[in-house]
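Student: Dropping in structure_24.csv, with CSV, C-alpha atoms.
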```csv
chain,number,residue,atom,x,y,z
A,1,MET,CA,-6.4,5.3,-16.4
A,2,ASP,CA,-6.7,8.5,-18.5
A,3,MET,CA,-3.4,8.6,-20.5
A,4,ASP,CA,-4.3,12.2,-21.6
A,5,ASP,CA,-4.0,13.3,-18.0
A,6,SER,CA,-0.4,14.3,-17.1
A,7,LEU,CA,-0.8,13.1,-13.5
A,8,HIS,CA,-1.9,9.6,-14.7
A,9,VAL,CA,0.9,9.5,-17.2
A,10,GLY,CA,3.4,10.4,-14.4
A,11,ALA,CA,2.0,7.8,-12.1
A,12,ALA,CA,2.2,5.1,-14.8
A,13,PHE,CA,5.8,6.1,-15.6
A,14,GLY,CA,6.8,6.1,-11.9
A,15,ALA,CA,5.2,2.7,-11.5
A,16,LEU,CA,7.0,1.4,-14.6
A,17,ILE,CA,10.4,2.6,-13.3
A,18,LEU,CA,9.8,1.2,-9.9
A,19,GLY,CA,8.6,-2.2,-11.2
A,20,GLY,CA,5.0,-1.7,-10.0
A,21,THR,CA,1.6,-1.1,-11.5
A,22,VAL,CA,-1.1,1.5,-10.9
A,23,SER,CA,-4.5,0.0,-10.3
A,24,GLU,CA,-7.8,1.3,-9.2
A,25,GLU,CA,-8.7,-2.0,-7.7
A,26,PRO,CA,-8.1,-2.6,-4.0
A,27,PRO,CA,-4.9,-4.4,-3.1
A,28,SER,CA,-4.9,-8.2,-2.5
A,29,PRO,CA,-5.7,-8.8,1.3
A,30,ASP,CA,-2.5,-10.9,1.6
A,31,SER,CA,-0.2,-8.2,0.0
A,32,PRO,CA,1.7,-5.9,2.3
A,33,LEU,CA,-0.5,-2.9,1.3
A,34,GLY,CA,-3.7,-5.0,1.8
A,35,ARG,CA,-2.5,-6.0,5.3
A,36,VAL,CA,-1.7,-2.4,6.3
A,37,ARG,CA,-5.1,-1.2,5.0
A,38,ALA,CA,-6.8,-3.9,7.1
A,39,PHE,CA,-4.8,-2.9,10.1
A,40,THR,CA,-5.7,0.8,9.8
A,41,ALA,CA,-9.4,-0.2,9.2
A,42,ARG,CA,-9.4,-2.1,12.5
A,43,TYR,CA,-7.2,0.1,14.7
A,44,GLY,CA,-7.2,3.5,13.0
A,45,GLU,CA,-4.5,5.4,11.1
A,46,GLY,CA,-3.1,6.8,14.4
A,47,ALA,CA,-2.0,3.3,15.4
A,48,LEU,CA,0.1,2.7,12.3
A,49,LYS,CA,3.8,3.0,13.0
A,50,PRO,CA,6.9,2.4,10.8
A,51,VAL,CA,7.3,-1.0,12.5
A,52,HIS,CA,3.9,-2.1,11.1
A,53,ILE,CA,5.1,-1.2,7.6
A,54,TRP,CA,8.3,-3.2,8.1
A,55,ALA,CA,6.3,-6.1,9.5
A,56,ALA,CA,4.0,-6.1,6.5
A,57,GLN,CA,6.9,-6.0,4.1
A,58,GLU,CA,8.5,-8.9,5.9
A,59,GLY,CA,5.3,-11.0,6.2
A,60,ARG,CA,5.2,-10.8,10.0
A,61,PRO,CA,2.0,-10.2,11.9
A,62,LEU,CA,0.9,-6.6,12.5
A,63,LEU,CA,0.4,-6.2,16.2
A,64,PRO,CA,-1.4,-3.2,17.7
```
Would you mind writing the structure in this file as structure tokens?

Tutor:
Amino acid sequence: MDMDDSLHVGAAFGALILGGTVSEEPPSPDSPLGRVRAFTARYGEGALKPVHIWAAQEGRPLLP
């Protein structure tokens, strides 16, 4: 992360405030974001609905 770039600094600050981290590595496959990315890779972005995000956050299966 280039801390001389104002966008990177803003992203790092926002992540700090929200309790997260900014990473250039792909998310863990068993994390909610990793599960959503696997779902969209398989079914396409058009198949993703809010219920899939909620299911990923709650640890439930993401059904097409």

Student: Calculated over only C-alpha atoms, which of the candidates A:Leu18, A:Met1, A:Pro32, A:Pro64 has the smallest distance to A:Glu45?

Tutor: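 Closest candidate: A:Pro64.
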
Student: Counting all atoms listed in the file, which residue out of A:Val36, A:Pro26, A:Thr21, A:Gly46 sits closest to A:His8?

Tutor: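 With all atoms listed in the file as the atom set, the closest residue is A:Thr21.
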
Student: Rounded to one decimal, what separation in Å do you get between atom CA of A:Arg35 and atom CA of A:Pro61?

Tutor: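 Atom-to-atom, atom CA of A:Arg35 and atom CA of A:Pro61 are spaced 9.0 Å apart.
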
Student: What separation in Å, quoted to one decimal, exists between atom CA of A:Trp54 and atom CA of A:Val22?

Tutor: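 If I compute the distance from atom CA of A:Trp54 to atom CA of A:Val22, I get 21.7 Å.
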
Student: Excluding same-chain residues fewer than 2 positions from A:Leu63, what lies within 9 Å of it counting all atoms listed in the file, as a VMD selection string?

Tutor: chain A and resid 39 52 55 61
